file upload.tsv (TSV, N, CA and C atoms)
chain	number	residue	atom	x	y	z
A	1	MET	N	108.26	-12.59	-23.51
A	1	MET	CA	107.70	-11.71	-22.49
A	1	MET	C	106.94	-10.59	-23.19
A	2	TYR	N	105.78	-10.29	-22.65
A	2	TYR	CA	104.94	-9.23	-23.20
A	2	TYR	C	105.13	-7.96	-22.38
A	3	ASN	N	105.16	-6.86	-23.05
A	3	ASN	CA	105.31	-5.58	-22.37
A	3	ASN	C	104.13	-4.68	-22.76
A	4	TYR	N	103.03	-4.84	-22.04
A	4	TYR	CA	101.83	-4.05	-22.31
A	4	TYR	C	101.79	-2.83	-21.41
A	5	MET	N	101.37	-1.74	-21.97
A	5	MET	CA	101.21	-0.51	-21.20
A	5	MET	C	99.71	-0.30	-20.98
A	6	ILE	N	99.28	-0.37	-19.75
A	6	ILE	CA	97.88	-0.16	-19.42
A	6	ILE	C	97.80	1.05	-18.49
A	7	PRO	N	97.10	2.10	-18.92
A	7	PRO	CA	96.99	3.26	-18.04
A	7	PRO	C	96.13	2.93	-16.82
A	8	VAL	N	96.61	3.34	-15.67
A	8	VAL	CA	95.93	3.06	-14.41
A	8	VAL	C	95.85	4.34	-13.60
A	9	GLN	N	94.73	4.53	-12.96
A	9	GLN	CA	94.57	5.66	-12.06
A	9	GLN	C	94.12	5.13	-10.71
A	10	LEU	N	94.85	5.43	-9.67
A	10	LEU	CA	94.49	5.02	-8.32
A	10	LEU	C	93.80	6.17	-7.62
A	11	ILE	N	92.72	5.86	-6.93
A	11	ILE	CA	91.99	6.87	-6.17
A	11	ILE	C	92.00	6.43	-4.71
A	12	VAL	N	92.55	7.25	-3.85
A	12	VAL	CA	92.61	6.96	-2.43
A	12	VAL	C	91.41	7.67	-1.80
A	13	LEU	N	90.35	6.92	-1.54
A	13	LEU	CA	89.09	7.51	-1.08
A	13	LEU	C	89.26	8.30	0.21
A	14	SER	N	90.11	7.82	1.09
A	14	SER	CA	90.27	8.51	2.38
A	14	SER	C	90.91	9.88	2.23
A	15	GLN	N	91.51	10.16	1.07
A	15	GLN	CA	92.16	11.44	0.85
A	15	GLN	C	91.29	12.41	0.05
A	16	LEU	N	90.10	11.98	-0.31
A	16	LEU	CA	89.20	12.85	-1.08
A	16	LEU	C	88.38	13.74	-0.15
A	17	ASP	N	88.11	14.92	-0.61
A	17	ASP	CA	87.20	15.82	0.11
A	17	ASP	C	85.78	15.43	-0.29
A	18	PRO	N	84.98	14.90	0.65
A	18	PRO	CA	83.63	14.44	0.31
A	18	PRO	C	82.74	15.52	-0.30
A	19	SER	N	82.99	16.77	0.02
A	19	SER	CA	82.15	17.83	-0.55
A	19	SER	C	82.44	18.02	-2.04
A	20	GLU	N	83.64	17.69	-2.48
A	20	GLU	CA	84.00	17.82	-3.89
A	20	GLU	C	83.78	16.53	-4.68
A	21	TYR	N	83.96	15.40	-4.02
A	21	TYR	CA	83.88	14.10	-4.67
A	21	TYR	C	82.85	13.23	-3.96
A	22	LEU	N	81.64	13.72	-3.91
A	22	LEU	CA	80.57	13.07	-3.16
A	22	LEU	C	80.36	11.62	-3.60
A	23	TRP	N	80.20	11.39	-4.89
A	23	TRP	CA	79.90	10.06	-5.39
A	23	TRP	C	81.05	9.09	-5.12
A	24	LEU	N	82.28	9.54	-5.35
A	24	LEU	CA	83.42	8.67	-5.12
A	24	LEU	C	83.62	8.38	-3.63
A	25	SER	N	83.39	9.38	-2.79
A	25	SER	CA	83.60	9.17	-1.36
A	25	SER	C	82.59	8.20	-0.77
A	26	CYS	N	81.47	8.00	-1.43
A	26	CYS	CA	80.46	7.05	-0.95
A	26	CYS	C	80.68	5.64	-1.50
A	27	LEU	N	81.61	5.48	-2.43
A	27	LEU	CA	81.93	4.15	-2.95
A	27	LEU	C	82.91	3.47	-2.01
A	28	SER	N	82.40	3.06	-0.90
A	28	SER	CA	83.22	2.46	0.13
A	28	SER	C	82.40	1.40	0.85
A	29	LYS	N	83.08	0.44	1.42
A	29	LYS	CA	82.39	-0.57	2.22
A	29	LYS	C	82.17	-0.09	3.64
A	30	HIS	N	82.60	1.12	3.91
A	30	HIS	CA	82.58	1.62	5.28
A	30	HIS	C	81.82	2.94	5.41
A	31	ILE	N	80.56	2.96	4.99
A	31	ILE	CA	79.74	4.16	5.17
A	31	ILE	C	79.55	4.36	6.68
A	32	THR	N	79.79	5.57	7.13
A	32	THR	CA	79.66	5.88	8.55
A	32	THR	C	78.71	7.06	8.73
A	33	ALA	N	78.49	7.44	9.97
A	33	ALA	CA	77.62	8.59	10.26
A	33	ALA	C	78.18	9.87	9.66
A	34	GLU	N	79.50	9.92	9.46
A	34	GLU	CA	80.11	11.12	8.90
A	34	GLU	C	79.95	11.20	7.37
A	35	THR	N	79.55	10.11	6.75
A	35	THR	CA	79.38	10.10	5.30
A	35	THR	C	78.18	10.97	4.95
A	36	PRO	N	78.33	11.83	3.98
A	36	PRO	CA	77.26	12.79	3.64
A	36	PRO	C	76.11	12.16	2.85
A	37	LEU	N	75.41	11.21	3.48
A	37	LEU	CA	74.34	10.50	2.77
A	37	LEU	C	73.17	11.42	2.42
A	38	VAL	N	72.91	12.41	3.24
A	38	VAL	CA	71.84	13.36	2.92
A	38	VAL	C	72.19	14.11	1.64
A	39	ASN	N	73.44	14.53	1.52
A	39	ASN	CA	73.89	15.22	0.31
A	39	ASN	C	73.82	14.30	-0.91
A	40	LEU	N	74.16	13.04	-0.71
A	40	LEU	CA	74.08	12.08	-1.80
A	40	LEU	C	72.64	11.91	-2.26
A	41	ARG	N	71.75	11.79	-1.32
A	41	ARG	CA	70.33	11.65	-1.66
A	41	ARG	C	69.82	12.88	-2.42
A	42	GLN	N	70.20	14.05	-1.97
A	42	GLN	CA	69.76	15.28	-2.64
A	42	GLN	C	70.36	15.38	-4.05
A	43	ALA	N	71.59	14.95	-4.21
A	43	ALA	CA	72.23	15.00	-5.53
A	43	ALA	C	71.61	13.97	-6.48
A	44	TYR	N	71.16	12.86	-5.93
A	44	TYR	CA	70.59	11.79	-6.75
A	44	TYR	C	69.15	12.08	-7.16
A	45	ALA	N	68.39	12.74	-6.31
A	45	ALA	CA	66.95	12.95	-6.54
A	45	ALA	C	66.60	13.47	-7.93
A	46	PRO	N	67.24	14.53	-8.43
A	46	PRO	CA	66.86	15.01	-9.76
A	46	PRO	C	67.28	14.09	-10.90
A	47	HIS	N	68.10	13.09	-10.62
A	47	HIS	CA	68.63	12.21	-11.65
A	47	HIS	C	68.19	10.76	-11.48
A	48	GLN	N	67.18	10.52	-10.65
A	48	GLN	CA	66.83	9.14	-10.33
A	48	GLN	C	66.33	8.33	-11.52
A	49	ASP	N	65.96	8.97	-12.61
A	49	ASP	CA	65.54	8.25	-13.81
A	49	ASP	C	66.68	8.04	-14.81
A	50	ASP	N	67.85	8.55	-14.49
A	50	ASP	CA	69.01	8.43	-15.36
A	50	ASP	C	69.71	7.09	-15.07
A	51	PRO	N	69.85	6.23	-16.08
A	51	PRO	CA	70.48	4.92	-15.85
A	51	PRO	C	71.90	5.00	-15.32
A	52	LEU	N	72.66	6.02	-15.69
A	52	LEU	CA	74.03	6.14	-15.18
A	52	LEU	C	74.04	6.42	-13.68
A	53	TYR	N	73.15	7.29	-13.23
A	53	TYR	CA	73.05	7.57	-11.80
A	53	TYR	C	72.52	6.36	-11.05
A	54	GLN	N	71.59	5.63	-11.65
A	54	GLN	CA	71.07	4.42	-11.01
A	54	GLN	C	72.18	3.39	-10.83
A	55	THR	N	73.05	3.29	-11.81
A	55	THR	CA	74.15	2.34	-11.74
A	55	THR	C	75.10	2.66	-10.59
A	56	ILE	N	75.45	3.93	-10.43
A	56	ILE	CA	76.37	4.29	-9.35
A	56	ILE	C	75.71	4.12	-7.99
A	57	MET	N	74.42	4.44	-7.89
A	57	MET	CA	73.73	4.24	-6.62
A	57	MET	C	73.63	2.75	-6.29
A	58	ASP	N	73.40	1.91	-7.29
A	58	ASP	CA	73.38	0.46	-7.08
A	58	ASP	C	74.73	-0.01	-6.56
A	59	ALA	N	75.82	0.51	-7.13
A	59	ALA	CA	77.16	0.13	-6.69
A	59	ALA	C	77.40	0.55	-5.25
A	60	ILE	N	76.96	1.75	-4.88
A	60	ILE	CA	77.12	2.23	-3.51
A	60	ILE	C	76.34	1.35	-2.54
A	61	ILE	N	75.12	1.01	-2.90
A	61	ILE	CA	74.29	0.18	-2.03
A	61	ILE	C	74.88	-1.22	-1.90
A	62	ARG	N	75.29	-1.82	-3.03
A	62	ARG	CA	75.89	-3.17	-2.96
A	62	ARG	C	77.16	-3.17	-2.13
A	63	ALA	N	77.95	-2.12	-2.22
A	63	ALA	CA	79.20	-2.05	-1.46
A	63	ALA	C	78.93	-1.97	0.04
A	64	ASN	N	77.73	-1.56	0.41
A	64	ASN	CA	77.43	-1.36	1.82
A	64	ASN	C	76.39	-2.31	2.37
A	65	LEU	N	76.25	-3.48	1.75
A	65	LEU	CA	75.35	-4.49	2.29
A	65	LEU	C	75.98	-5.09	3.53
A	66	SER	N	75.19	-5.26	4.55
A	66	SER	CA	75.71	-5.89	5.77
A	66	SER	C	75.87	-7.38	5.52
A	67	GLU	N	76.51	-8.07	6.44
A	67	GLU	CA	76.75	-9.50	6.27
A	67	GLU	C	75.46	-10.29	6.16
A	68	GLY	N	74.40	-9.83	6.80
A	68	GLY	CA	73.12	-10.52	6.75
A	68	GLY	C	72.34	-10.21	5.49
A	69	GLY	N	72.90	-9.39	4.60
A	69	GLY	CA	72.24	-9.07	3.36
A	69	GLY	C	71.31	-7.87	3.46
A	70	GLU	N	71.26	-7.23	4.63
A	70	GLU	CA	70.42	-6.05	4.78
A	70	GLU	C	71.20	-4.82	4.36
A	71	SER	N	70.56	-3.96	3.64
A	71	SER	CA	71.22	-2.74	3.17
A	71	SER	C	71.34	-1.75	4.32
A	72	LEU	N	72.47	-1.07	4.39
A	72	LEU	CA	72.67	-0.02	5.37
A	72	LEU	C	72.10	1.29	4.86
A	73	MET	N	71.67	1.28	3.61
A	73	MET	CA	71.08	2.47	3.01
A	73	MET	C	69.68	2.10	2.54
A	74	CYS	N	68.87	3.07	2.26
A	74	CYS	CA	67.54	2.80	1.74
A	74	CYS	C	67.25	3.75	0.60
A	75	ASP	N	66.21	3.45	-0.17
A	75	ASP	CA	65.83	4.29	-1.31
A	75	ASP	C	65.46	5.68	-0.86
call {"tool": "encode", "arguments": {"input": "upload.tsv", "output": "C-alpha cells"}}
result
Amino acid sequence: MYNYMIPVQLIVLSQLDPSEYLWLSCLSKHITAETPLVNLRQAYAPHQDDPLYQTIMDAIIRANLSEGGESLMCD
C-alpha cells in the first residue's frame, strides 16, 4: 500500500465574495445575471495581451458554453 501525501485546496465558489475573488467566482458553469461580468471585462481589458489572463478567460468561456456550442459570453 502506498501512502502519498498530496496537498489539496478546496474552493467553494458559492461562498466566495465576488468583489474580492472576481476571477474565481466566474469559473463556474452557471454564470447568471448576478455575475459581475462587467467587472470581469473591465479587469481583463488592460491585460488582454497577457497569456495568463487569456488562459483564465478561455477557461471561463469554455465553462459557460451552452449545449448548442454557443458562448454565453462574448469578447
call {"tool": "closest_residue", "arguments": {"input": "upload.tsv", "among": "A:Arg41, A:Asp49, A:Lys29, A:Pro36", "to": "A:Asn64", "atoms": "only N, CA and C atoms"}}
result
A:Lys29
call {"tool": "atom_distance", "arguments": {"input": "upload.tsv", "atom1": "atom C of A:Asp58", "atom2": "atom CA of A:Tyr21"}}
result
16.9 Å
call {"tool": "closest_residue", "arguments": {"input": "upload.tsv", "among": "A:Gln42, A:Gln48, A:Gln9, A:Thr55", "to": "A:Leu27", "atoms": "only C-alpha atoms"}}
result
A:Thr55
call {"tool": "select_by_dssp", "arguments": {"input": "upload.tsv", "residues": "stretch 35-65 of chain A", "states": "alpha helix (DSSP H)", "output": "PyMOL selection string"}}
result
chain A and resi 37-44+51-63
call {"tool": "closest_residue", "arguments": {"input": "upload.tsv", "among": "A:Leu52, A:Ala63, A:His47, A:Met57", "to": "A:Ser28", "atoms": "only N, CA and C atoms"}}
result
A:Ala63
call {"tool": "atom_distance", "arguments": {"input": "upload.tsv", "atom1": "atom CA of A:Ala59", "atom2": "atom CA of A:Ile6"}}
result
24.3 Å
call {"tool": "build_atoms", "arguments": {"input": "upload.tsv", "residues": "stretch 33-53 of chain A", "atoms": "N, CA, C and O atoms", "output": "PDB file, keeping the file's coordinate frame"}}
result
ATOM      1  N   ALA A  33      78.490   7.440   9.970  1.00  0.00           N
ATOM      2  CA  ALA A  33      77.620   8.590  10.260  1.00  0.00           C
ATOM      3  C   ALA A  33      78.180   9.870   9.660  1.00  0.00           C
ATOM      4  O   ALA A  33      77.429  10.800   9.368  1.00  0.00           O
ATOM      5  N   GLU A  34      79.500   9.920   9.460  1.00  0.00           N
ATOM      6  CA  GLU A  34      80.110  11.120   8.900  1.00  0.00           C
ATOM      7  C   GLU A  34      79.950  11.200   7.370  1.00  0.00           C
ATOM      8  O   GLU A  34      80.211  12.230   6.766  1.00  0.00           O
ATOM      9  N   THR A  35      79.550  10.110   6.750  1.00  0.00           N
ATOM     10  CA  THR A  35      79.380  10.100   5.300  1.00  0.00           C
ATOM     11  C   THR A  35      78.180  10.970   4.950  1.00  0.00           C
ATOM     12  O   THR A  35      77.122  10.849   5.564  1.00  0.00           O
ATOM     13  N   PRO A  36      78.330  11.830   3.980  1.00  0.00           N
ATOM     14  CA  PRO A  36      77.260  12.790   3.640  1.00  0.00           C
ATOM     15  C   PRO A  36      76.110  12.160   2.850  1.00  0.00           C
ATOM     16  O   PRO A  36      75.855  12.511   1.710  1.00  0.00           O
ATOM     17  N   LEU A  37      75.410  11.210   3.480  1.00  0.00           N
ATOM     18  CA  LEU A  37      74.340  10.500   2.770  1.00  0.00           C
ATOM     19  C   LEU A  37      73.170  11.420   2.420  1.00  0.00           C
ATOM     20  O   LEU A  37      72.534  11.232   1.390  1.00  0.00           O
ATOM     21  N   VAL A  38      72.910  12.410   3.240  1.00  0.00           N
ATOM     22  CA  VAL A  38      71.840  13.360   2.920  1.00  0.00           C
ATOM     23  C   VAL A  38      72.190  14.110   1.640  1.00  0.00           C
ATOM     24  O   VAL A  38      71.356  14.277   0.753  1.00  0.00           O
ATOM     25  N   ASN A  39      73.440  14.530   1.520  1.00  0.00           N
ATOM     26  CA  ASN A  39      73.890  15.220   0.310  1.00  0.00           C
ATOM     27  C   ASN A  39      73.820  14.300  -0.910  1.00  0.00           C
ATOM     28  O   ASN A  39      73.441  14.739  -1.994  1.00  0.00           O
ATOM     29  N   LEU A  40      74.160  13.040  -0.710  1.00  0.00           N
ATOM     30  CA  LEU A  40      74.080  12.080  -1.800  1.00  0.00           C
ATOM     31  C   LEU A  40      72.640  11.910  -2.260  1.00  0.00           C
ATOM     32  O   LEU A  40      72.359  11.909  -3.455  1.00  0.00           O
ATOM     33  N   ARG A  41      71.750  11.790  -1.320  1.00  0.00           N
ATOM     34  CA  ARG A  41      70.330  11.650  -1.660  1.00  0.00           C
ATOM     35  C   ARG A  41      69.820  12.880  -2.420  1.00  0.00           C
ATOM     36  O   ARG A  41      69.092  12.756  -3.406  1.00  0.00           O
ATOM     37  N   GLN A  42      70.200  14.050  -1.970  1.00  0.00           N
ATOM     38  CA  GLN A  42      69.760  15.280  -2.640  1.00  0.00           C
ATOM     39  C   GLN A  42      70.360  15.380  -4.050  1.00  0.00           C
ATOM     40  O   GLN A  42      69.688  15.835  -4.976  1.00  0.00           O
ATOM     41  N   ALA A  43      71.590  14.950  -4.210  1.00  0.00           N
ATOM     42  CA  ALA A  43      72.230  15.000  -5.530  1.00  0.00           C
ATOM     43  C   ALA A  43      71.610  13.970  -6.480  1.00  0.00           C
ATOM     44  O   ALA A  43      71.513  14.206  -7.686  1.00  0.00           O
ATOM     45  N   TYR A  44      71.160  12.860  -5.930  1.00  0.00           N
ATOM     46  CA  TYR A  44      70.590  11.790  -6.750  1.00  0.00           C
ATOM     47  C   TYR A  44      69.150  12.080  -7.160  1.00  0.00           C
ATOM     48  O   TYR A  44      68.737  11.718  -8.269  1.00  0.00           O
ATOM     49  N   ALA A  45      68.390  12.740  -6.310  1.00  0.00           N
ATOM     50  CA  ALA A  45      66.950  12.950  -6.540  1.00  0.00           C
ATOM     51  C   ALA A  45      66.600  13.470  -7.930  1.00  0.00           C
ATOM     52  O   ALA A  45      65.734  12.899  -8.599  1.00  0.00           O
ATOM     53  N   PRO A  46      67.240  14.530  -8.430  1.00  0.00           N
ATOM     54  CA  PRO A  46      66.860  15.010  -9.760  1.00  0.00           C
ATOM     55  C   PRO A  46      67.280  14.090 -10.900  1.00  0.00           C
ATOM     56  O   PRO A  46      66.859  14.269 -12.041  1.00  0.00           O
ATOM     57  N   HIS A  47      68.100  13.090 -10.620  1.00  0.00           N
ATOM     58  CA  HIS A  47      68.630  12.210 -11.650  1.00  0.00           C
ATOM     59  C   HIS A  47      68.190  10.760 -11.480  1.00  0.00           C
ATOM     60  O   HIS A  47      68.752   9.867 -12.105  1.00  0.00           O
ATOM     61  N   GLN A  48      67.180  10.520 -10.650  1.00  0.00           N
ATOM     62  CA  GLN A  48      66.830   9.140 -10.330  1.00  0.00           C
ATOM     63  C   GLN A  48      66.330   8.330 -11.520  1.00  0.00           C
ATOM     64  O   GLN A  48      66.331   7.101 -11.475  1.00  0.00           O
ATOM     65  N   ASP A  49      65.960   8.970 -12.610  1.00  0.00           N
ATOM     66  CA  ASP A  49      65.540   8.250 -13.810  1.00  0.00           C
ATOM     67  C   ASP A  49      66.680   8.040 -14.810  1.00  0.00           C
ATOM     68  O   ASP A  49      66.496   7.382 -15.825  1.00  0.00           O
ATOM     69  N   ASP A  50      67.850   8.550 -14.490  1.00  0.00           N
ATOM     70  CA  ASP A  50      69.010   8.430 -15.360  1.00  0.00           C
ATOM     71  C   ASP A  50      69.710   7.090 -15.070  1.00  0.00           C
ATOM     72  O   ASP A  50      70.137   6.848 -13.943  1.00  0.00           O
ATOM     73  N   PRO A  51      69.850   6.230 -16.080  1.00  0.00           N
ATOM     74  CA  PRO A  51      70.480   4.920 -15.850  1.00  0.00           C
ATOM     75  C   PRO A  51      71.900   5.000 -15.320  1.00  0.00           C
ATOM     76  O   PRO A  51      72.322   4.131 -14.549  1.00  0.00           O
ATOM     77  N   LEU A  52      72.660   6.020 -15.690  1.00  0.00           N
ATOM     78  CA  LEU A  52      74.030   6.140 -15.180  1.00  0.00           C
ATOM     79  C   LEU A  52      74.040   6.420 -13.680  1.00  0.00           C
ATOM     80  O   LEU A  52      74.837   5.851 -12.929  1.00  0.00           O
ATOM     81  N   TYR A  53      73.150   7.290 -13.230  1.00  0.00           N
ATOM     82  CA  TYR A  53      73.050   7.570 -11.800  1.00  0.00           C
ATOM     83  C   TYR A  53      72.520   6.360 -11.050  1.00  0.00           C
ATOM     84  O   TYR A  53      72.959   6.069  -9.936  1.00  0.00           O
TER      85      TYR A  53
END
